[in-house]
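Chemist: Input: one structure, supplied below.
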Amino acid sequence: MPSPNRPIHVVEDIRFQAHQSPSGHPERPERLVAVSRALARHSAHLQAMTPRTGTPDEILRIHSQDHYNQIERAAARAPGHLDADTFVSKRSLEIARLAAGSTVDLALRVARREAKYGIAAVRPPGHHAEAGQPMGFCLFNNVAIAARALQAELGMDKILILDWDVHHGNGTQHSFESDPSILYTSLHQYPHYPGTGAFDEAGHGAGLGATVNLALPPGCGDREYVGLAHRVLVPVIRRFAPEMILVSCGFDAHRDDPLASMNLSGEGYREMTRVVAGLADELCDGRLAFVLEGGYAPSGLEEGTEAVIEALLDPTSQGPAVPEAPAGSRLHALVEAAAAVHGHRHRDIGAP
């Protein structure tokens, strides 16, 4: 159990439901109701945080002024769309700033060790938002903004962003792909929206090798996700040795999700959380925060959130054995694809 002096801190507020979606849109306020049901069952072990509005300066560490102005103008004449998928309502700028600022505060609190882990149940999501363009339901890139805040305000040298949303976090990758101080790792369905995130996208210039994409074919489930976490991400993350871990925590790889074709179960999310919590405790004094991204089936959001909380409350519990990766298996092929790009930097990729 977390220390009573450092409980799991949670950002949750009904205001995040005020980013109002068009009828039938999958990124709808009710998503947070499903998350809230799981949080409520563990309220005795959680400490609520008061959300805080992000400042323009915080947001502009990642996004351009034109990007910010575009959302401001669109909200002023809302409702409307910024692209075919990404909508704004009257309060969308306000709520997007609340999501960004709350994620920053949660990350800083965890980094200062005032909290033993953190969970940000916020919306709109963020990882598709590019420096100059909102997209994919996302207005501001909450995790990217928090990472830059950790560097600007606490002087952190090395931060890991682990993205297990079923869609590749193009905005996060592009924000940091030339920056060796931010390791971006992503497990995602490929090919799938937004079409980025192939294995060979590994960063540029000084950041070459600090982007690790695990591009999974449709139909992957616990075996592939957990196997890749152990066999690829663990050695890569250990070598990087982050000071803080931020998880872009989408639940849309869940088997019930209507926008993807993956088969993760609650146990898969539970084991991935055990892995990342173990790495956080080993490498960075438990500095670990989860930030909600996608997830469009209420059952997947609730089951996934429950799994994350249970694993954080007891991160040393014994999980299932590391999945075998025999020659000819899909897991073996995925590990080999990762090793083909990154094996010369991480020669222990593939080891259980």
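In the structure tokens, each chain is lettered A, B, ... as it comes, each chain's residues begin at 1, and ligands are numbered from 1 in order of appearance.
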Just the strand (DSSP E or B) stuff from range 45-255 of chain A, please, per backbone DSSP, written as JSON, numbers by chain.
Modeler: {"A": [46, 47, 48, 49, 80, 81, 87, 88, 118, 119, 120, 135, 138, 159, 160, 161, 162, 163, 182, 183, 184, 185, 186, 187, 188, 189, 211, 212, 213, 214, 215, 216, 221, 244, 245, 246, 247, 248, 249, 254]}
Chemist: Can you pull out every residue within 7 Å of range 225-241 of chain A, counting only C-alpha atoms, but drop anything in the same chain fewer than 2 positions away, and send it as a list in words?
Modeler: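 Close residues of range 225-241 of chain A: Gly221, Asp222, Arg223, Glu243, Gly268, Glu271, Met272, Leu283, Val322, Pro323, Leu331, Val335, His346, Asp348, Ile349, Gly350, Ala351 and Pro352 of chain A.
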Chemist: Report, in Å to a single decimal, how far apart CA of Ala18 in chain A and CA of Glu302 in chain A are.
Modeler: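 Separating CA of Glu302 in chain A from CA of Ala18 in chain A is a distance of 20.2 Å.
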Chemist: Just the residues within 8 Å of range 212-217 of chain A, please, counting only C-alpha atoms, with nothing from its chain fewer than 2 positions along; format it as a compact mmCIF listing (two decimals) with N, CA and C atoms, in the first residue's frame.
Modeler:
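And here's around05.txt as it stands now:
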```txt
# COMPACT_ATOMS: atom_id res chain seq x y z
N LEU A 183 12.27 10.61 -23.34
CA LEU A 183 12.09 9.32 -24.01
C LEU A 183 10.60 9.10 -24.22
N TYR A 184 10.19 9.01 -25.50
CA TYR A 184 8.79 8.74 -25.84
C TYR A 184 8.67 7.31 -26.33
N THR A 185 7.87 6.52 -25.63
CA THR A 185 7.62 5.13 -26.00
C THR A 185 6.12 4.94 -26.19
N SER A 186 5.75 4.20 -27.23
CA SER A 186 4.33 4.04 -27.54
C SER A 186 4.03 2.63 -28.01
N LEU A 187 2.97 2.03 -27.43
CA LEU A 187 2.39 0.80 -27.94
C LEU A 187 1.04 1.17 -28.54
N HIS A 188 0.82 0.86 -29.82
CA HIS A 188 -0.39 1.32 -30.48
C HIS A 188 -0.74 0.41 -31.65
N GLN A 189 -2.00 0.44 -32.03
CA GLN A 189 -2.44 -0.31 -33.21
C GLN A 189 -1.92 0.37 -34.47
N TYR A 190 -1.37 -0.43 -35.37
CA TYR A 190 -0.80 0.12 -36.61
C TYR A 190 -1.03 -0.87 -37.74
N PRO A 191 -1.47 -0.42 -38.89
CA PRO A 191 -1.83 0.97 -39.22
C PRO A 191 -3.21 1.33 -38.67
N GLY A 197 3.77 6.42 -36.36
CA GLY A 197 4.19 5.50 -35.31
C GLY A 197 4.73 4.18 -35.79
N ALA A 198 5.31 4.13 -37.00
CA ALA A 198 5.95 2.90 -37.47
C ALA A 198 7.19 2.61 -36.61
N PHE A 199 7.61 1.35 -36.61
CA PHE A 199 8.78 0.96 -35.82
C PHE A 199 9.99 1.84 -36.12
N ASP A 200 10.18 2.20 -37.39
CA ASP A 200 11.40 2.91 -37.75
C ASP A 200 11.35 4.41 -37.48
N GLU A 201 10.26 4.91 -36.92
CA GLU A 201 10.24 6.29 -36.44
C GLU A 201 10.92 6.31 -35.07
N ALA A 202 12.18 6.69 -35.05
CA ALA A 202 13.00 6.55 -33.85
C ALA A 202 13.59 7.86 -33.36
N GLY A 209 16.84 7.65 -31.31
CA GLY A 209 16.83 6.59 -30.32
C GLY A 209 15.96 6.89 -29.12
N ALA A 210 15.55 8.15 -28.95
CA ALA A 210 14.70 8.53 -27.82
C ALA A 210 13.23 8.49 -28.16
N GLY A 219 -5.78 -6.99 -33.31
CA GLY A 219 -6.00 -8.28 -32.67
C GLY A 219 -5.07 -8.59 -31.53
N CYS A 220 -4.08 -7.74 -31.26
CA CYS A 220 -3.16 -7.99 -30.14
C CYS A 220 -3.88 -7.81 -28.80
N LEU A 334 7.17 -9.15 -33.20
CA LEU A 334 7.16 -7.77 -32.73
C LEU A 334 8.45 -7.41 -32.00
N ALA A 338 11.27 -4.56 -33.14
CA ALA A 338 11.84 -3.53 -32.27
C ALA A 338 13.36 -3.64 -32.20
N HIS A 342 16.25 -0.81 -32.71
CA HIS A 342 16.87 -0.32 -31.49
C HIS A 342 17.88 -1.28 -30.86
```
Chemist: Rounded to one decimal, what separation in Å do you get between CA of Ala152 in chain A and CA of Arg73 in chain A?
Modeler: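 For CA of Ala152 in chain A relative to CA of Arg73 in chain A, the distance reads 28.5 Å.
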Chemist: State, in Å with one decimal place, the distance from CA of Arg345 in chain A to CA of Ala206 in chain A.
Modeler: 14.1 Å
Chemist: If you count only C-alpha atoms, which residues fall within 9 Å of range 82-85 of chain A, apart from same-chain ones fewer than 6 positions away, as a count of residues only?
Modeler: 8
Chemist: Which one is closest to Lys116 in chain A: A:Glu58, A:Glu12, A:Asp281, A:Glu177? Count only C-alpha atoms.
Modeler: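 Selected residue with least distance to Lys116 in chain A: A:Asp281.
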